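> Handing over target_19.cif, mmCIF, C-alpha atoms.
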```
data_entry
loop_
_atom_site.group_PDB
_atom_site.id
_atom_site.type_symbol
_atom_site.label_atom_id
_atom_site.label_comp_id
_atom_site.auth_asym_id
_atom_site.auth_seq_id
_atom_site.Cartn_x
_atom_site.Cartn_y
_atom_site.Cartn_z
ATOM 1 C CA MET A 245 10.066 34.737 0.956
ATOM 2 C CA SER A 246 11.975 32.679 3.442
ATOM 3 C CA THR A 247 15.597 31.835 2.899
ATOM 4 C CA ASP A 248 15.936 28.624 4.880
ATOM 5 C CA HIS A 249 17.296 25.860 2.722
ATOM 6 C CA LEU A 250 14.301 23.543 2.776
ATOM 7 C CA SER A 251 11.985 26.306 1.563
ATOM 8 C CA LEU A 252 14.535 27.270 -1.064
ATOM 9 C CA ALA A 253 14.808 23.682 -2.229
ATOM 10 C CA LEU A 254 11.035 23.241 -2.486
ATOM 11 C CA SER A 255 10.707 26.555 -4.305
ATOM 12 C CA ALA A 256 13.355 25.471 -6.766
ATOM 13 C CA LEU A 257 11.488 22.200 -7.308
ATOM 14 C CA ALA A 258 8.273 24.070 -8.074
ATOM 15 C CA HIS A 259 9.328 24.616 -11.695
ATOM 16 C CA PRO A 260 8.776 21.812 -14.252
ATOM 17 C CA VAL A 261 11.988 22.565 -16.171
ATOM 18 C CA ARG A 262 14.041 22.373 -12.996
ATOM 19 C CA ARG A 263 12.432 19.059 -12.064
ATOM 20 C CA ASP A 264 13.354 17.742 -15.511
ATOM 21 C CA ILE A 265 16.929 18.953 -15.079
ATOM 22 C CA LEU A 266 17.204 17.154 -11.731
ATOM 23 C CA ALA A 267 15.710 14.003 -13.200
ATOM 24 C CA ASN A 268 18.428 14.111 -15.889
ATOM 25 C CA LEU A 269 21.106 14.498 -13.226
ATOM 26 C CA MET A 270 19.896 11.358 -11.406
ATOM 27 C CA SER A 271 21.947 9.243 -13.783
ATOM 28 C CA GLY A 272 25.156 11.237 -13.318
ATOM 29 C CA GLU A 273 27.023 14.455 -14.060
ATOM 30 C CA ARG A 274 26.026 16.571 -17.029
ATOM 31 C CA THR A 275 27.429 19.687 -18.652
ATOM 32 C CA VAL A 276 25.247 22.735 -19.265
ATOM 33 C CA THR A 277 25.129 21.925 -22.973
ATOM 34 C CA GLU A 278 23.997 18.375 -22.266
ATOM 35 C CA LEU A 279 21.346 19.632 -19.843
ATOM 36 C CA ALA A 280 20.080 22.222 -22.331
ATOM 37 C CA ASP A 281 19.763 19.637 -25.100
ATOM 38 C CA PRO A 282 16.251 18.265 -24.364
ATOM 39 C CA PHE A 283 14.772 21.752 -24.019
ATOM 40 C CA ASP A 284 13.889 24.333 -26.594
ATOM 41 C CA MET A 285 15.692 26.960 -24.551
ATOM 42 C CA THR A 286 18.701 29.205 -24.854
ATOM 43 C CA GLY A 287 21.894 28.548 -22.907
ATOM 44 C CA PRO A 288 21.369 31.616 -20.690
ATOM 45 C CA ALA A 289 17.828 30.462 -19.815
ATOM 46 C CA ILE A 290 19.144 27.070 -18.705
ATOM 47 C CA THR A 291 21.942 28.755 -16.801
ATOM 48 C CA LYS A 292 19.360 30.797 -14.881
ATOM 49 C CA HIS A 293 17.550 27.616 -13.881
ATOM 50 C CA LEU A 294 20.855 26.063 -12.821
ATOM 51 C CA LYS A 295 21.609 29.083 -10.670
ATOM 52 C CA VAL A 296 18.282 28.683 -8.859
ATOM 53 C CA LEU A 297 19.070 24.997 -8.276
ATOM 54 C CA GLU A 298 22.596 25.828 -7.135
ATOM 55 C CA ARG A 299 21.417 28.511 -4.729
ATOM 56 C CA ALA A 300 18.936 26.013 -3.278
ATOM 57 C CA GLY A 301 21.826 23.607 -2.720
ATOM 58 C CA LEU A 302 20.248 20.956 -4.943
ATOM 59 C CA ILE A 303 23.147 20.832 -7.380
ATOM 60 C CA GLU A 304 26.783 21.829 -7.457
ATOM 61 C CA ARG A 305 29.136 22.638 -10.308
ATOM 62 C CA SER A 306 32.711 21.514 -10.134
ATOM 63 C CA ARG A 307 35.139 24.413 -9.933
ATOM 64 C CA ASP A 308 38.260 23.064 -11.580
ATOM 65 C CA ALA A 309 37.228 21.066 -14.605
ATOM 66 C CA GLN A 310 36.877 23.195 -17.703
ATOM 67 C CA ARG A 311 33.537 21.634 -18.590
ATOM 68 C CA ARG A 312 32.211 22.504 -15.129
ATOM 69 C CA PRO A 313 29.685 19.639 -15.063
ATOM 70 C CA CYS A 314 26.677 19.784 -12.719
ATOM 71 C CA LYS A 315 25.823 17.098 -10.208
ATOM 72 C CA LEU A 316 23.217 16.505 -7.516
ATOM 73 C CA ARG A 317 23.865 17.255 -3.858
ATOM 74 C CA ALA A 318 22.362 14.765 -1.403
ATOM 75 C CA ASP A 319 21.671 16.878 1.704
ATOM 76 C CA PRO A 320 18.553 18.804 0.679
ATOM 77 C CA PHE A 321 17.037 15.701 -0.829
ATOM 78 C CA ARG A 322 17.292 13.995 2.521
ATOM 79 C CA GLU A 323 15.192 16.753 4.064
ATOM 80 C CA ILE A 324 12.662 16.722 1.261
ATOM 81 C CA GLN A 325 12.425 12.987 1.721
ATOM 82 C CA ALA A 326 11.643 13.509 5.378
ATOM 83 C CA LEU A 327 8.706 15.692 4.331
ATOM 84 C CA LEU A 328 7.563 13.189 1.752
ATOM 85 C CA ARG A 329 7.675 10.423 4.326
ATOM 86 C CA VAL A 330 4.930 12.315 6.109
ATOM 87 C CA TYR A 331 2.655 13.145 3.192
ATOM 88 C CA GLN A 332 3.310 10.534 0.539
ATOM 89 C CA PRO A 333 1.536 7.706 2.414
ATOM 90 C CA PHE A 334 -1.376 10.000 3.249
ATOM 91 C CA TRP A 335 -2.100 10.781 -0.384
ATOM 92 C CA ASP A 336 -1.064 7.423 -1.834
ATOM 93 C CA GLU A 337 -3.482 5.582 0.424
ATOM 94 C CA SER A 338 -6.265 8.160 0.114
ATOM 95 C CA PHE A 339 -5.964 8.085 -3.677
ATOM 96 C CA GLU A 340 -6.089 4.275 -3.651
ATOM 97 C CA LYS A 341 -9.418 4.496 -1.857
ATOM 98 C CA LEU A 342 -10.640 7.191 -4.233
ATOM 99 C CA ASP A 343 -9.741 4.917 -7.130
ATOM 100 C CA ILE A 344 -11.932 2.181 -5.674
ATOM 101 C CA LEU A 345 -14.814 4.579 -5.015
ATOM 102 C CA LEU A 346 -14.728 5.865 -8.595
ATOM 103 C CA ALA A 347 -14.659 2.313 -9.978
ATOM 104 C CA GLU A 348 -17.685 1.406 -7.853
ATOM 105 C CA GLU A 349 -19.612 4.448 -9.057
ATOM 106 C CA ASP A 350 -18.744 3.589 -12.635
ATOM 107 C CA ASN A 351 -20.142 0.068 -12.163
ATOM 108 C CA ARG A 352 -23.333 1.419 -10.673
ATOM 109 C CA VAL A 353 -23.894 3.625 -13.722
ATOM 110 C CA GLU A 354 -23.454 0.665 -16.056
ATOM 111 C CA GLU A 355 -25.937 -1.562 -14.206
ATOM 112 C CA MET B 27 6.239 22.792 -20.576
ATOM 113 C CA LYS B 28 3.160 23.971 -18.769
ATOM 114 C CA SER B 29 2.025 27.509 -19.492
ATOM 115 C CA ASP B 30 1.452 28.251 -15.808
ATOM 116 C CA ALA B 31 5.134 27.721 -15.053
ATOM 117 C CA PRO B 32 6.537 30.437 -12.819
ATOM 118 C CA PRO B 33 9.253 32.744 -14.160
ATOM 119 C CA ILE B 34 12.770 31.295 -14.138
ATOM 120 C CA GLY B 35 14.309 33.215 -11.303
ATOM 121 C CA SER B 36 11.263 33.566 -9.097
ATOM 122 C CA ASP B 37 11.065 32.238 -5.573
ATOM 123 C CA ALA B 38 7.937 30.205 -6.087
ATOM 124 C CA THR B 39 5.947 29.082 -3.060
ATOM 125 C CA PRO B 40 7.474 26.052 -1.353
ATOM 126 C CA GLU B 41 5.243 23.178 -2.311
ATOM 127 C CA LEU B 42 4.941 19.425 -2.467
ATOM 128 C CA VAL B 43 3.311 18.032 -5.581
ATOM 129 C CA PHE B 44 1.378 14.776 -5.818
ATOM 130 C CA GLU B 45 -0.097 13.448 -9.043
ATOM 131 C CA ARG B 46 -2.326 10.564 -9.955
ATOM 132 C CA LEU B 47 -4.309 9.459 -12.976
ATOM 133 C CA PHE B 48 -7.854 8.298 -12.263
ATOM 134 C CA ASN B 49 -9.900 6.161 -14.589
ATOM 135 C CA ALA B 50 -12.959 8.424 -14.428
ATOM 136 C CA PRO B 51 -14.148 11.691 -15.965
ATOM 137 C CA ALA B 52 -13.180 14.957 -14.250
ATOM 138 C CA LYS B 53 -16.788 15.563 -13.269
ATOM 139 C CA SER B 54 -16.837 12.390 -11.143
ATOM 140 C CA VAL B 55 -13.438 13.028 -9.578
ATOM 141 C CA PHE B 56 -14.278 16.626 -8.740
ATOM 142 C CA ARG B 57 -17.542 15.463 -7.173
ATOM 143 C CA ALA B 58 -15.653 12.963 -5.016
ATOM 144 C CA TRP B 59 -13.674 15.908 -3.602
ATOM 145 C CA THR B 60 -16.635 18.180 -2.953
ATOM 146 C CA ASP B 61 -19.530 15.916 -2.008
ATOM 147 C CA PRO B 62 -19.258 15.073 1.723
ATOM 148 C CA THR B 63 -20.901 11.653 1.412
ATOM 149 C CA ARG B 64 -18.297 10.683 -1.175
ATOM 150 C CA LEU B 65 -15.346 12.458 0.420
ATOM 151 C CA VAL B 66 -15.587 10.522 3.697
ATOM 152 C CA GLN B 67 -15.303 7.285 1.755
ATOM 153 C CA TRP B 68 -11.713 7.964 0.670
ATOM 154 C CA TRP B 69 -10.108 10.818 2.631
ATOM 155 C CA GLY B 70 -7.233 9.683 4.834
ATOM 156 C CA PRO B 71 -4.824 6.764 4.865
ATOM 157 C CA HIS B 72 -5.698 3.148 5.681
ATOM 158 C CA GLY B 73 -7.058 2.664 9.171
ATOM 159 C CA PHE B 74 -8.270 6.255 9.410
ATOM 160 C CA ARG B 75 -11.839 7.459 9.338
ATOM 161 C CA THR B 76 -13.074 10.935 8.453
ATOM 162 C CA THR B 77 -16.174 12.615 9.813
ATOM 163 C CA ILE B 78 -17.447 15.890 8.403
ATOM 164 C CA GLU B 79 -19.095 18.341 10.751
ATOM 165 C CA SER B 80 -19.970 20.860 8.081
ATOM 166 C CA MET B 81 -19.100 21.486 4.479
ATOM 167 C CA ASP B 82 -20.214 24.707 2.861
ATOM 168 C CA VAL B 83 -19.092 24.207 -0.717
ATOM 169 C CA ARG B 84 -18.789 27.740 -2.044
ATOM 170 C CA VAL B 85 -16.016 30.305 -2.212
ATOM 171 C CA GLY B 86 -15.377 31.502 1.337
ATOM 172 C CA GLY B 87 -17.329 28.557 2.739
ATOM 173 C CA THR B 88 -15.947 26.491 5.602
ATOM 174 C CA TRP B 89 -15.374 22.773 5.746
ATOM 175 C CA SER B 90 -14.844 21.248 9.204
ATOM 176 C CA TYR B 91 -13.743 17.655 9.487
ATOM 177 C CA VAL B 92 -12.087 15.294 11.924
ATOM 178 C CA LEU B 93 -9.632 12.553 11.071
ATOM 179 C CA HIS B 94 -9.892 9.644 13.497
ATOM 180 C CA GLY B 95 -6.730 7.613 13.841
ATOM 181 C CA PRO B 96 -6.688 3.848 14.405
ATOM 182 C CA ASP B 97 -5.460 4.550 17.959
ATOM 183 C CA GLY B 98 -8.468 6.778 18.671
ATOM 184 C CA VAL B 99 -6.568 10.037 18.315
ATOM 185 C CA GLN B 100 -8.640 12.764 16.696
ATOM 186 C CA TYR B 101 -7.244 15.389 14.354
ATOM 187 C CA PRO B 102 -9.706 18.252 13.863
ATOM 188 C CA ASN B 103 -9.284 20.360 10.719
ATOM 189 C CA THR B 104 -10.891 23.430 9.270
ATOM 190 C CA ALA B 105 -10.599 24.335 5.626
ATOM 191 C CA VAL B 106 -11.837 27.377 3.746
ATOM 192 C CA PHE B 107 -12.616 27.169 0.034
ATOM 193 C CA GLU B 108 -10.762 29.746 -2.019
ATOM 194 C CA VAL B 109 -11.515 28.600 -5.563
ATOM 195 C CA LEU B 110 -14.253 26.309 -6.886
ATOM 196 C CA GLU B 111 -14.204 25.811 -10.626
ATOM 197 C CA PRO B 112 -15.967 22.514 -11.280
ATOM 198 C CA PRO B 113 -14.673 20.244 -12.670
ATOM 199 C CA HIS B 114 -11.257 21.824 -13.266
ATOM 200 C CA ARG B 115 -9.856 23.444 -10.174
ATOM 201 C CA LEU B 116 -10.280 23.427 -6.418
ATOM 202 C CA VAL B 117 -8.301 25.488 -3.905
ATOM 203 C CA PHE B 118 -8.715 25.447 -0.149
ATOM 204 C CA HIS B 119 -6.719 26.557 2.822
ATOM 205 C CA ASN B 120 -6.382 23.862 5.475
ATOM 206 C CA THR B 121 -5.735 24.556 9.132
ATOM 207 C CA GLY B 122 -5.518 21.830 11.723
ATOM 208 C CA GLY B 123 -4.109 18.416 12.287
ATOM 209 C CA HIS B 124 -3.110 15.889 9.731
ATOM 210 C CA VAL B 125 -2.167 12.314 10.413
ATOM 211 C CA GLU B 126 1.462 12.838 11.229
ATOM 212 C CA ASP B 127 1.463 16.580 11.530
ATOM 213 C CA LYS B 128 -0.720 18.042 14.216
ATOM 214 C CA HIS B 129 -0.348 21.567 12.953
ATOM 215 C CA LEU B 130 -0.776 21.289 9.248
ATOM 216 C CA THR B 131 -1.445 24.657 7.730
ATOM 217 C CA CYS B 132 -1.174 24.823 4.007
ATOM 218 C CA ARG B 133 -2.962 25.755 0.862
ATOM 219 C CA MET B 134 -4.097 22.827 -1.263
ATOM 220 C CA VAL B 135 -4.355 23.527 -4.961
ATOM 221 C CA VAL B 136 -6.017 20.687 -6.835
ATOM 222 C CA THR B 137 -6.374 20.561 -10.595
ATOM 223 C CA PHE B 138 -8.373 18.026 -12.595
ATOM 224 C CA ALA B 139 -7.311 17.521 -16.210
ATOM 225 C CA GLU B 140 -9.460 15.175 -18.248
ATOM 226 C CA VAL B 141 -7.937 13.362 -21.201
ATOM 227 C CA ARG B 142 -10.011 10.763 -23.055
ATOM 228 C CA GLY B 143 -12.226 9.935 -20.098
ATOM 229 C CA GLN B 144 -9.372 9.739 -17.590
ATOM 230 C CA THR B 145 -8.480 12.464 -15.144
ATOM 231 C CA GLN B 146 -5.044 13.591 -14.077
ATOM 232 C CA VAL B 147 -5.223 15.037 -10.571
ATOM 233 C CA THR B 148 -2.401 17.311 -9.461
ATOM 234 C CA LEU B 149 -2.341 18.242 -5.813
ATOM 235 C CA ARG B 150 -0.033 21.008 -4.658
ATOM 236 C CA MET B 151 0.477 21.442 -0.936
ATOM 237 C CA GLN B 152 1.746 24.987 -0.632
ATOM 238 C CA PHE B 153 3.443 26.047 2.568
ATOM 239 C CA ARG B 154 3.663 29.719 3.243
ATOM 240 C CA SER B 155 6.326 29.975 5.882
ATOM 241 C CA ILE B 156 9.217 28.193 7.506
ATOM 242 C CA ALA B 157 7.144 27.640 10.650
ATOM 243 C CA GLN B 158 4.568 25.732 8.638
ATOM 244 C CA LEU B 159 7.253 23.475 7.259
ATOM 245 C CA GLU B 160 9.172 22.937 10.467
ATOM 246 C CA SER B 161 6.794 20.633 12.330
ATOM 247 C CA ALA B 162 6.309 18.395 9.344
ATOM 248 C CA LYS B 163 10.014 18.356 8.638
ATOM 249 C CA GLN B 164 10.950 17.405 12.185
ATOM 250 C CA ARG B 165 8.426 14.623 12.282
ATOM 251 C CA GLY B 166 9.797 13.048 9.143
ATOM 252 C CA ALA B 167 13.402 13.696 10.080
ATOM 253 C CA VAL B 168 13.088 11.852 13.388
ATOM 254 C CA GLU B 169 12.750 8.615 11.479
ATOM 255 C CA GLY B 170 16.269 9.127 10.266
ATOM 256 C CA GLY B 171 17.514 10.203 6.889
ATOM 257 C CA ARG B 172 18.753 7.291 4.885
ATOM 258 C CA GLN B 173 20.289 8.601 1.732
ATOM 259 C CA SER B 174 18.146 7.467 -1.101
ATOM 260 C CA PHE B 175 16.836 9.240 -4.126
ATOM 261 C CA GLU B 176 14.102 6.702 -4.741
ATOM 262 C CA ARG B 177 11.170 8.650 -3.325
ATOM 263 C CA LEU B 178 12.252 11.805 -5.045
ATOM 264 C CA LYS B 179 12.772 9.939 -8.258
ATOM 265 C CA THR B 180 9.177 8.793 -8.023
ATOM 266 C CA LEU B 181 8.081 12.356 -7.454
ATOM 267 C CA LEU B 182 10.126 13.738 -10.312
ATOM 268 C CA LEU B 183 9.107 11.083 -12.777
ATOM 269 C CA ARG B 184 5.472 11.700 -12.023
ATOM 270 C CA ASN B 185 5.810 15.334 -12.952
#
```
Re-express the file's structure as structure tokens.


Amino acid sequence: MSTDHLSLALSALAHPVRRDILANLMSGERTVTELADPFDMTGPAITKHLKVLERAGLIERSRDAQRRPCKLRADPFREIQALLRVYQPFWDESFEKLDILLAEEDNRVEE
Amino acid sequence: MKSDAPPIGSDATPELVFERLFNAPAKSVFRAWTDPTRLVQWWGPHGFRTTIESMDVRVGGTWSYVLHGPDGVQYPNTAVFEVLEPPHRLVFHNTGGHVEDKHLTCRMVVTFAEVRGQTQVTLRMQFRSIAQLESAKQRGAVEGGRQSFERLKTLLLRN
């Protein structure tokens, strides 16, 4: 598997728990205990997820504070955004049209 | 948590995930993806048109299509079906040009989950190598990277 940072970041995002963790970090710094709270998981399991996120550069943990809270890092998100800028409109607009098609077919069945 | 979640430490395939809930049964949504007369009615963003040259809907079958841009530019694509499990799962490998990426090569994994007459579609665009990501990345990056989490937030909240 490739080691460039965009691939690493997307790989890290491919796990639902890690996406949830990132979503929680959107509103600010969190400690490991706080991050583990919503999940039915052990501390070490959460720590493993955090390590994947850290290695991908998506989060960082402060070195000095004793609580060592986690926070988001902006750089990789900027690159992911660049990718999304390409594909998000493609699928958003296609899916809008699909929505309309399905609604039309539904009406035809009812007639 | 989904049961198909990859192991914690694994380097899962780099992928982009798009989700949408459709107000129709899975059977109808799956058909819209695999019936050429229906597919051309929605595939591609506004202003684009899709023509299908051939569509052999079976595992190993080929689907050739062209996206026609509003400026007349054509983007020919060839896809090969890897998995066809109506109306639950569809996997195909796409090679060719997409709207903003002339060299789109990726695996598209589409799942259709019906709940009370509605269908949740999850589309995973899986990229297999750095090279496959690079062209798309550069295209998007040219537009400049304003620092905003909004798009990602949308993506995360959908998942």

> Nearest to chain B: which of A:Met285, A:Leu328, A:Val276, A:Ile303 is it, counting all atoms listed in the file?

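Selected residue with least distance to chain B: A:Leu328.
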
> If you apply the PyMOL selection byres ((chain A) within 9 of (chain B)) to this file, what residues do you get, as a VMD selection string?

chain A and resid 245 to 248 250 to 261 263 to 264 266 to 267 270 289 to 290 292 to 293 295 to 296 318 to 319 321 to 347 349 to 350

> Within 9 Å of (-13.9, 9.6, 11.5) (file coordinates; all atoms listed in the file), which protein or nucleic acid residues are there? I'd like them as a list in words.

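Protein, DNA and RNA residues close to (-13.9, 9.6, 11.5): Val66, Phe74, Arg75, Thr76, Thr77, Ile78, Tyr91, Val92, Leu93, His94, Gly95 and Gln100 of chain B.
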
> Taking C-alpha atoms for each residue, export the selection above as an mmCIF file, in the coordinates of the input.


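Here's the written file part_25.cif:
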```cif
data_model
loop_
_atom_site.group_PDB
_atom_site.id
_atom_site.type_symbol
_atom_site.label_atom_id
_atom_site.label_comp_id
_atom_site.auth_asym_id
_atom_site.auth_seq_id
_atom_site.Cartn_x
_atom_site.Cartn_y
_atom_site.Cartn_z
ATOM 1 C CA VAL B 66 -15.587 10.522 3.697
ATOM 2 C CA PHE B 74 -8.270 6.255 9.410
ATOM 3 C CA ARG B 75 -11.839 7.459 9.338
ATOM 4 C CA THR B 76 -13.074 10.935 8.453
ATOM 5 C CA THR B 77 -16.174 12.615 9.813
ATOM 6 C CA ILE B 78 -17.447 15.890 8.403
ATOM 7 C CA TYR B 91 -13.743 17.655 9.487
ATOM 8 C CA VAL B 92 -12.087 15.294 11.924
ATOM 9 C CA LEU B 93 -9.632 12.553 11.071
ATOM 10 C CA HIS B 94 -9.892 9.644 13.497
ATOM 11 C CA GLY B 95 -6.730 7.613 13.841
ATOM 12 C CA GLN B 100 -8.640 12.764 16.696
#
```

> Would you compute the distance between atom CA of B:Asp61 and atom CA of B:Ser80? Give it in Å to one decimal.

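Pair atom CA of B:Asp61 / atom CA of B:Ser80 returns 11.2 Å.
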
> What's the separation between atom CA of B:Pro113 and atom CA of B:Ser90, in Å to one decimal place?

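These atoms are spaced 21.9 Å apart.
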
> Which residues are close to stretch 81-85 of chain B, i.e. within 10 Å by all atoms listed in the file, leaving aside same-chain residues fewer than 2 positions away? Reply as a list of chain:residue names.

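Here the answer would be B:Thr60, B:Asp61, B:Pro62, B:Ile78, B:Glu79, B:Gly87, B:Thr88, B:Trp89, B:Ser90, B:Tyr91, B:Thr104, B:Ala105, B:Val106, B:Phe107, B:Glu108, B:Val109, B:Leu110, B:Glu111, B:Leu116, B:Val117, B:Phe118.
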
> Keeping only C-alpha atoms, write the selected residues as a PDB file, in the frame of the given file.


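Once everything was written out, this is result_10.pdb:
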```pdb
ATOM      1  CA  THR B  60     -16.635  18.180  -2.953  1.00  0.00           C
ATOM      2  CA  ASP B  61     -19.530  15.916  -2.008  1.00  0.00           C
ATOM      3  CA  PRO B  62     -19.258  15.073   1.723  1.00  0.00           C
ATOM      4  CA  ILE B  78     -17.447  15.890   8.403  1.00  0.00           C
ATOM      5  CA  GLU B  79     -19.095  18.341  10.751  1.00  0.00           C
ATOM      6  CA  GLY B  87     -17.329  28.557   2.739  1.00  0.00           C
ATOM      7  CA  THR B  88     -15.947  26.491   5.602  1.00  0.00           C
ATOM      8  CA  TRP B  89     -15.374  22.773   5.746  1.00  0.00           C
ATOM      9  CA  SER B  90     -14.844  21.248   9.204  1.00  0.00           C
ATOM     10  CA  TYR B  91     -13.743  17.655   9.487  1.00  0.00           C
ATOM     11  CA  THR B 104     -10.891  23.430   9.270  1.00  0.00           C
ATOM     12  CA  ALA B 105     -10.599  24.335   5.626  1.00  0.00           C
ATOM     13  CA  VAL B 106     -11.837  27.377   3.746  1.00  0.00           C
ATOM     14  CA  PHE B 107     -12.616  27.169   0.034  1.00  0.00           C
ATOM     15  CA  GLU B 108     -10.762  29.746  -2.019  1.00  0.00           C
ATOM     16  CA  VAL B 109     -11.515  28.600  -5.563  1.00  0.00           C
ATOM     17  CA  LEU B 110     -14.253  26.309  -6.886  1.00  0.00           C
ATOM     18  CA  GLU B 111     -14.204  25.811 -10.626  1.00  0.00           C
ATOM     19  CA  LEU B 116     -10.280  23.427  -6.418  1.00  0.00           C
ATOM     20  CA  VAL B 117      -8.301  25.488  -3.905  1.00  0.00           C
ATOM     21  CA  PHE B 118      -8.715  25.447  -0.149  1.00  0.00           C
TER      22      PHE B 118
END
```

> Could you pull the residues within 12 Å of A:Glu278, counting all atoms listed in the file, minus those fewer than 4 positions along the same chain, as JSON, numbers by chain?

{"A": [265, 268, 269, 272, 273, 274, 282, 283, 287, 290, 291, 311, 312, 313, 314]}

> Kindly compute an axis-aligned box around the listed atoms of stretch 342-346 of chain A, allowing 3 Å on each side, and express its centre and edge lengths in Å to one decimal as JSON.


```
{"center_x": -12.3, "center_y": 4.7, "center_z": -6.4, "size_x": 11.1, "size_y": 11.0, "size_z": 10.4}
```

> Would you work out the distance separating atom CA of A:Glu298 from atom CA of B:Val135, expressed in Å to one decimal?

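Computing it gives 27.1 Å between the two atoms.
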